[in-house]
>>> print(open('input03.txt').read())   # compact mmCIF, C-alpha atoms and all ligand atoms
# COMPACT_ATOMS: atom_id res chain seq x y z
CA MET A 1 -11.47 5.09 -13.54
CA GLU A 2 -12.62 2.17 -15.74
CA ASN A 3 -9.07 0.86 -16.03
CA VAL A 4 -8.57 1.07 -12.24
CA ARG A 5 -11.73 -1.01 -11.74
CA ALA A 6 -10.71 -3.56 -14.38
CA PHE A 7 -7.20 -3.77 -12.93
CA LEU A 8 -8.52 -4.42 -9.42
CA ASN A 9 -10.89 -7.05 -10.77
CA ASN A 10 -8.10 -8.88 -12.66
CA GLU A 11 -5.63 -8.80 -9.80
CA ALA A 12 -8.27 -10.02 -7.31
CA LEU A 13 -8.97 -12.95 -9.66
CA LYS A 14 -5.28 -13.88 -9.44
CA CYS A 15 -5.79 -14.19 -5.65
CA GLY A 16 -8.76 -16.48 -6.35
CA ILE A 17 -11.34 -13.77 -5.57
CA SER A 18 -14.20 -12.91 -7.88
CA LEU A 19 -15.40 -9.36 -7.10
CA ASP A 20 -18.92 -8.38 -8.15
CA ASP A 21 -19.85 -4.82 -9.25
CA GLU A 22 -21.02 -3.90 -5.75
CA ALA A 23 -17.64 -4.91 -4.26
CA ILE A 24 -15.74 -2.90 -6.87
CA ASP A 25 -18.03 0.12 -6.26
CA ARG A 26 -17.27 -0.20 -2.55
CA PHE A 27 -13.52 -0.39 -3.13
CA MET A 28 -13.65 2.75 -5.31
CA ALA A 29 -15.67 4.66 -2.70
CA TYR A 30 -13.25 3.49 0.04
CA LYS A 31 -10.30 4.71 -2.05
CA ASP A 32 -11.92 8.12 -2.56
CA MET A 33 -12.65 8.50 1.16
CA LEU A 34 -9.10 7.46 2.03
CA ILE A 35 -7.67 10.16 -0.27
CA GLU A 36 -10.12 12.79 1.05
CA TRP A 37 -9.64 12.02 4.77
CA ASN A 38 -5.89 11.74 4.35
CA GLU A 39 -5.79 15.49 3.71
CA HIS A 40 -6.86 16.04 7.32
CA ILE A 41 -5.54 13.03 9.26
CA ASN A 42 -2.48 10.94 8.55
CA LEU A 43 -3.82 7.60 7.31
CA THR A 44 -1.47 6.58 4.49
CA SER A 45 1.60 7.75 2.59
CA ILE A 46 0.13 6.30 -0.61
CA THR A 47 -2.25 8.77 -2.21
CA ASP A 48 -2.61 7.86 -5.90
CA ASP A 49 -5.43 5.63 -7.20
CA MET A 50 -3.22 2.84 -8.56
CA GLY A 51 -0.95 2.90 -5.51
CA ILE A 52 -3.94 2.44 -3.19
CA VAL A 53 -5.31 -0.40 -5.33
CA ILE A 54 -1.97 -2.23 -5.44
CA LYS A 55 -0.35 -1.51 -2.08
CA HIS A 56 -3.48 -1.50 0.06
CA PHE A 57 -6.29 -3.42 -1.66
CA ILE A 58 -4.42 -6.14 -3.57
CA ASP A 59 -1.86 -6.52 -0.80
CA SER A 60 -4.72 -7.11 1.69
CA LEU A 61 -6.46 -9.59 -0.62
CA LEU A 62 -3.27 -11.67 -0.81
CA CYS A 63 -4.29 -12.98 2.63
CA TYR A 64 -6.96 -15.05 0.88
CA SER A 65 -4.25 -16.90 -1.08
CA THR A 66 -3.09 -18.53 2.18
CA GLY A 67 -6.20 -20.73 1.98
CA VAL A 68 -7.14 -20.27 5.65
CA ILE A 69 -9.96 -17.71 5.24
CA ARG A 70 -13.46 -19.15 4.87
CA PRO A 71 -16.01 -16.59 3.65
CA ASP A 72 -18.02 -16.88 6.92
CA ALA A 73 -15.00 -16.74 9.26
CA ARG A 74 -14.71 -14.48 12.31
CA ILE A 75 -11.64 -12.31 11.84
CA ILE A 76 -9.85 -9.70 13.94
CA ASP A 77 -7.40 -7.25 12.37
CA ILE A 78 -4.91 -6.00 14.96
CA GLY A 79 -3.54 -2.47 14.36
CA THR A 80 -5.86 -2.05 11.40
CA GLY A 81 -5.01 1.65 10.82
CA ALA A 82 -7.05 2.73 7.80
CA GLY A 83 -8.49 -0.80 7.51
CA PHE A 84 -5.75 -3.00 6.06
CA PRO A 85 -6.09 -5.85 5.57
CA GLY A 86 -9.34 -6.31 7.57
CA LEU A 87 -11.73 -3.92 5.85
CA ALA A 88 -10.49 -4.81 2.36
CA LEU A 89 -11.17 -8.49 3.11
CA LYS A 90 -14.66 -7.60 4.40
CA ILE A 91 -15.49 -5.77 1.15
CA ALA A 92 -14.34 -8.79 -0.89
CA PHE A 93 -16.23 -11.24 1.36
CA PRO A 94 -19.28 -9.48 2.89
CA SER A 95 -20.22 -12.58 4.92
CA LEU A 96 -17.05 -12.32 7.04
CA LYS A 97 -17.56 -11.20 10.65
CA VAL A 98 -14.79 -8.67 11.14
CA CYS A 99 -13.37 -6.83 14.16
CA LEU A 100 -11.09 -3.91 13.32
CA MET A 101 -8.89 -2.90 16.25
CA ASP A 102 -6.57 0.05 16.66
CA SER A 103 -5.20 2.03 19.58
CA VAL A 104 -5.67 5.38 17.76
CA GLN A 105 -9.23 6.69 17.93
CA LYS A 106 -9.17 8.99 14.89
CA LYS A 107 -8.45 5.98 12.65
CA LEU A 108 -11.53 4.25 14.05
CA ASN A 109 -13.52 7.41 13.33
CA PHE A 110 -12.45 7.21 9.68
CA LEU A 111 -13.36 3.51 9.54
CA ASP A 112 -16.76 4.19 11.12
CA ASN A 113 -17.54 6.68 8.37
CA VAL A 114 -16.40 4.27 5.64
CA ILE A 115 -18.45 1.39 7.05
CA LYS A 116 -21.57 3.57 7.17
CA ALA A 117 -20.98 4.98 3.67
CA LEU A 118 -20.52 1.47 2.25
CA SER A 119 -23.49 0.01 4.23
CA LEU A 120 -21.39 -2.86 5.58
CA GLU A 121 -22.79 -5.08 8.34
CA ASP A 122 -21.05 -7.32 10.90
CA VAL A 123 -18.07 -5.02 11.37
CA GLU A 124 -17.07 -4.24 14.96
CA LEU A 125 -14.72 -1.34 15.60
CA ILE A 126 -12.53 -1.59 18.68
CA TRP A 127 -10.57 1.32 20.05
CA GLY A 128 -8.00 -0.36 22.24
CA ARG A 129 -4.80 -2.30 22.54
CA ALA A 130 -4.34 -5.93 21.59
CA GLU A 131 -2.79 -6.74 24.98
CA ASP A 132 -5.97 -5.58 26.79
CA TYR A 133 -8.59 -7.11 24.52
CA ALA A 134 -6.85 -10.49 24.24
CA CYS A 135 -7.75 -11.09 27.90
CA LYS A 136 -11.46 -10.31 27.49
CA LYS A 137 -14.22 -12.90 27.19
CA GLY A 138 -15.61 -12.97 23.68
CA TYR A 139 -12.23 -12.03 22.23
CA ARG A 140 -9.74 -14.43 23.80
CA GLU A 141 -9.33 -17.56 21.64
CA ALA A 142 -12.49 -16.53 19.80
CA PHE A 143 -11.36 -15.92 16.21
CA ASP A 144 -10.82 -18.17 13.21
CA VAL A 145 -8.26 -15.79 11.73
CA VAL A 146 -6.17 -12.96 13.20
CA THR A 147 -4.43 -10.55 10.80
CA ALA A 148 -1.76 -7.89 11.25
CA ARG A 149 0.12 -5.77 8.72
CA ALA A 150 2.94 -3.36 9.57
CA VAL A 151 2.23 -3.44 13.31
CA ALA A 152 5.28 -4.98 15.02
CA SER A 153 8.05 -7.56 14.66
CA LEU A 154 6.95 -11.16 14.39
CA LEU A 155 8.20 -11.78 17.90
CA VAL A 156 5.86 -9.14 19.32
CA LEU A 157 3.02 -10.09 16.97
CA ALA A 158 3.08 -13.64 18.32
CA GLU A 159 2.17 -12.26 21.76
CA TYR A 160 -0.37 -9.75 20.39
CA CYS A 161 -2.14 -12.08 17.98
CA LEU A 162 -1.99 -15.76 19.01
CA PRO A 163 -4.10 -15.24 22.19
CA PHE A 164 -7.03 -14.15 19.96
CA ALA A 165 -6.94 -17.27 17.75
CA LYS A 166 -9.15 -20.22 18.63
CA LEU A 167 -7.65 -23.72 18.61
CA GLY A 168 -7.38 -24.72 14.97
CA GLY A 169 -7.39 -21.03 13.96
CA HIS A 170 -4.64 -19.07 12.27
CA VAL A 171 -2.65 -15.84 12.51
CA LEU A 172 -1.58 -14.09 9.29
CA CYS A 173 1.38 -11.72 9.71
CA MET A 174 1.96 -9.62 6.60
CA LYS A 175 5.63 -8.93 6.07
CA GLY A 176 8.28 -7.88 3.57
CA PRO A 177 10.92 -10.21 2.11
CA ASP A 178 13.36 -10.15 5.05
CA VAL A 179 11.32 -12.39 7.28
CA ASP A 180 13.78 -15.26 7.84
CA GLY A 181 15.67 -13.55 10.68
CA GLU A 182 12.37 -12.54 12.32
CA LEU A 183 11.18 -16.13 12.15
CA VAL A 184 14.26 -17.38 14.00
CA LYS A 185 13.86 -14.73 16.72
CA ALA A 186 10.12 -15.41 17.10
CA ASP A 187 10.40 -19.19 17.45
CA LYS A 188 10.23 -19.23 21.26
CA ALA A 189 7.37 -16.72 21.50
CA ILE A 190 5.30 -18.56 18.86
CA LYS A 191 5.56 -21.85 20.76
CA LEU A 192 4.95 -20.23 24.15
CA MET A 193 1.73 -18.59 22.87
CA GLY A 194 0.42 -21.94 21.59
CA GLY A 195 1.39 -21.45 17.97
CA ARG A 196 3.30 -23.32 15.30
CA LEU A 197 4.72 -22.01 12.05
CA GLY A 198 2.33 -23.22 9.35
CA ASP A 199 3.54 -21.65 6.12
CA VAL A 200 5.24 -18.64 4.58
CA LEU A 201 3.42 -17.46 1.46
CA ARG A 202 5.57 -15.58 -1.05
CA ALA A 203 3.97 -13.08 -3.42
CA GLU A 204 4.93 -10.25 -5.71
CA LEU A 205 2.62 -7.23 -5.93
CA PRO A 206 1.79 -6.15 -9.50
CA MET A 207 3.73 -3.37 -11.27
CA SER A 208 6.78 -3.93 -9.01
CA GLY A 209 4.67 -2.93 -6.02
CA GLY A 210 6.82 -5.01 -3.68
CA ASP A 211 7.90 -8.44 -2.59
CA ARG A 212 5.58 -9.75 0.10
CA ARG A 213 5.53 -12.59 2.62
CA ILE A 214 2.60 -13.77 4.68
CA VAL A 215 3.62 -15.79 7.71
CA VAL A 216 0.87 -18.24 8.68
CA LEU A 217 0.88 -19.31 12.32
CA ASP A 218 -1.38 -22.20 13.34
CA LYS A 219 -2.94 -22.17 16.81
CA VAL A 220 -2.24 -25.64 18.16
CA THR A 221 -2.43 -25.34 21.97
CA ARG A 222 -4.14 -22.93 24.40
CA THR A 223 -2.29 -19.69 25.25
CA PRO A 224 -1.20 -19.70 28.93
CA ALA A 225 -3.30 -17.33 31.07
CA ALA A 226 -0.27 -15.12 31.83
CA TYR A 227 -0.15 -13.93 28.19
CA PRO A 228 -0.29 -11.45 26.67
CA ARG A 229 1.48 -9.41 29.32
CA ARG A 230 0.14 -5.96 30.15
CA ALA A 231 0.00 -3.18 27.54
CA GLY A 232 3.41 -2.03 26.38
CA ILE A 233 5.39 -4.94 27.85
CA PRO A 234 5.41 -7.24 24.76
CA SER A 235 7.19 -4.57 22.69
CA LYS A 236 9.46 -3.32 25.52
CA LYS A 237 10.51 -6.76 26.78
CA PRO A 238 9.94 -9.21 23.93
CA ILE A 239 10.10 -12.93 24.65
CA ILE A 240 13.59 -13.99 23.54
N1 LIG B 301 -2.40 -2.33 9.41
C1 LIG B 301 -2.45 -1.00 8.83
C2 LIG B 301 -1.75 -0.99 7.49
O1 LIG B 301 -0.98 -1.90 7.20
O2 LIG B 301 -1.97 -0.04 6.73
C3 LIG B 301 -1.85 0.05 9.77
C4 LIG B 301 -0.38 -0.09 10.02
S1 LIG B 301 0.22 1.19 11.10
C5 LIG B 301 1.88 1.28 10.62
C6 LIG B 301 0.27 0.33 12.67
C7 LIG B 301 -1.03 0.50 13.45
O3 LIG B 301 -1.01 -0.40 14.55
C8 LIG B 301 -1.20 1.89 14.00
O4 LIG B 301 -2.44 2.41 13.56
C9 LIG B 301 -1.17 1.71 15.52
O5 LIG B 301 -2.05 2.57 16.18
C10 LIG B 301 -1.60 0.25 15.66
N2 LIG B 301 -1.09 -0.46 16.85
C11 LIG B 301 0.21 -0.59 17.24
N3 LIG B 301 0.31 -1.33 18.35
C12 LIG B 301 -0.96 -1.69 18.69
C13 LIG B 301 -1.52 -2.46 19.76
N4 LIG B 301 -0.74 -3.00 20.71
N5 LIG B 301 -2.86 -2.65 19.79
C14 LIG B 301 -3.65 -2.09 18.84
N6 LIG B 301 -3.18 -1.34 17.82
C15 LIG B 301 -1.85 -1.14 17.73
>>> encode(input="input03.txt", output="structure tokens")
Amino acid sequence: MENVRAFLNNEALKCGISLDDEAIDRFMAYKDMLIEWNEHINLTSITDDMGIVIKHFIDSLLCYSTGVIRPDARIIDIGTGAGFPGLALKIAFPSLKVCLMDSVQKKLNFLDNVIKALSLEDVELIWGRAEDYACKKGYREAFDVVTARAVASLLVLAEYCLPFAKLGGHVLCMKGPDVDGELVKADKAIKLMGGRLGDVLRAELPMSGGDRRIVVLDKVTRTPAAYPRRAGIPSKKPII
């Protein structure tokens, strides 16, 4: 266990994050709960300690390397699943105000138990769909940073995520290496939702854990009131 802790600490430092003992304790407890709960509900296909540290924790912390996350930011993680990247970022930066959203209730139940076990504050759990919540007061154009990993194509993510970002805010879409084609297809949707391509961060996970890209979208103009369209439509009839 000591080497898992030291490994996490070193890799977080490479992302510019200094984890204290309490944060590392929380990550280890989160890992143990993920393994335990995964025996009963399907949360992750990665079930070994090192795999969880690399492919869930470090991968999530790469978001910080984009330079757009201030430690006191308000963040929403769309399609958070078992909490990636949103809950991992919250553990690393306890002063973040984080909303974790997913359309599957049992995943929120897992997250509720983790948040209580780790005594984390300022975490809101939302059982719902991005298309519905993006129209609600207090959520629409209300976040500094919007994150999404493994939720949908970039084209669909533009419609799910950009409506949540405030002007001057950012959307971080976590992707694999083949993002160039997705970027071309998403160009129209990004602009229509009030976004602009800011950056594409390239990163390699340790121990050949994978080649990663984080697409940074900047929110530059207000999202028109007609978007996002109602639940299910963005994925069925993407903006092309
Ligand atoms: N982000 C997590 C990760 O990378 O481990 C989970 C990824 S999982 C493949 C995709 C998640 O997105 C699922 O838990 C699903 O319920 C959720 N999801 C898909 N579409 C959604 C929507 N429109 N609104 C909210 N959640 C959604």
>>> residues_near_ligand(input="input03.txt", ligand="ligand LIG 301 (chain B)", cutoff="10 Å", atoms="all atoms listed in the file", output="ChimeraX atom specification")
/A:42-46,55-56,59-60,77-86,100-108,126-134,147-152,156-157,159-161,174-175,230-235
>>> residues_around(input="input03.txt", residues="Lys191 (chain A)", least_positions_apart="6", cutoff="10 Å", atoms="all atoms listed in the file", output="list in words")
Ala158, Leu162, Leu197, Leu217, Lys219, Val220, Thr221 and Thr223 of chain A
>>> closest_atom_pairs(input="input03.txt", of="region 27-115 of chain A", to="region 208-215 of chain A", cutoff="9 Å", atoms="only C-alpha atoms", output="JSON lines")
{"residue": "A:Gly51", "atom": "CA", "partner": "A:Gly209", "partner_atom": "CA", "distance": 8.1}
{"residue": "A:Ile54", "atom": "CA", "partner": "A:Gly209", "partner_atom": "CA", "distance": 6.7}
{"residue": "A:Lys55", "atom": "CA", "partner": "A:Gly209", "partner_atom": "CA", "distance": 6.5}
{"residue": "A:Asp59", "atom": "CA", "partner": "A:Arg212", "partner_atom": "CA", "distance": 8.2}
{"residue": "A:Leu62", "atom": "CA", "partner": "A:Ile214", "partner_atom": "CA", "distance": 8.3}
{"residue": "A:Cys63", "atom": "CA", "partner": "A:Ile214", "partner_atom": "CA", "distance": 7.2}
{"residue": "A:Thr66", "atom": "CA", "partner": "A:Ile214", "partner_atom": "CA", "distance": 7.8}
>>> residues_around(input="input03.txt", residues="Ile91 (chain A)", least_positions_apart="6", cutoff="8 Å", atoms="all atoms listed in the file", output="list in words")
Ala23, Arg26, Phe27 and Leu120 of chain A
>>> residues_around(input="input03.txt", residues="Asp187 (chain A)", least_positions_apart="2", cutoff="9 Å", atoms="all atoms listed in the file", output="short mmCIF file (atom, residue, chain, number, x, y, z; two decimals) with C-alpha atoms, in the frame of the given file")
data_model
loop_
_atom_site.label_atom_id
_atom_site.label_comp_id
_atom_site.auth_asym_id
_atom_site.auth_seq_id
_atom_site.Cartn_x
_atom_site.Cartn_y
_atom_site.Cartn_z
CA LEU A 155 8.20 -11.78 17.90
CA GLU A 182 12.37 -12.54 12.32
CA LEU A 183 11.18 -16.13 12.15
CA VAL A 184 14.26 -17.38 14.00
CA LYS A 185 13.86 -14.73 16.72
CA ALA A 189 7.37 -16.72 21.50
CA ILE A 190 5.30 -18.56 18.86
CA LYS A 191 5.56 -21.85 20.76
CA LEU A 192 4.95 -20.23 24.15
CA ARG A 196 3.30 -23.32 15.30
CA LEU A 197 4.72 -22.01 12.05
CA ILE A 240 13.59 -13.99 23.54
#
>>> residues_near_point(input="input03.txt", point="(-5.4, -6.5, -12.6)", cutoff="12 Å", atoms="only C-alpha atoms", output="ChimeraX atom specification")
/A:2-15,17-19,50,53-54,57-58,205-207
>>> atom_distance(input="input03.txt", atom1="CA of Ala29 (chain A)", atom2="CA of Leu118 (chain A)")
7.6 Å
>>> closest_residue(input="input03.txt", among="A:Ala186, A:Cys135, A:Ile41, A:Ala203", to="Phe110 (chain A)", atoms="all atoms listed in the file")
A:Ile41
>>> atom_distance(input="input03.txt", atom1="CA of Val200 (chain A)", atom2="CA of Gly169 (chain A)")
15.9 Å
>>> atom_distance(input="input03.txt", atom1="CA of Leu125 (chain A)", atom2="CA of Ile75 (chain A)")
12.0 Å
>>> residues_near_point(input="input03.txt", point="(-2.9, -16.9, 7.7)", cutoff="6 Å", atoms="only C-alpha atoms", output="tab-separated table (two decimals) with C-alpha atoms, in the coordinates of the input")
chain	number	residue	atom	x	y	z
A	66	THR	CA	-3.09	-18.53	2.18
A	68	VAL	CA	-7.14	-20.27	5.65
A	170	HIS	CA	-4.64	-19.07	12.27
A	171	VAL	CA	-2.65	-15.84	12.51
A	172	LEU	CA	-1.58	-14.09	9.29
A	216	VAL	CA	0.87	-18.24	8.68
>>> closest_residue(input="input03.txt", among="A:Gly176, A:Met1, A:Arg222, A:Lys237", to="Arg140 (chain A)", atoms="only C-alpha atoms")
A:Arg222
>>> closest_residue(input="input03.txt", among="A:Pro177, A:Gly138, A:Gly67, A:Gly198", to="Cys99 (chain A)", atoms="all atoms listed in the file")
A:Gly138
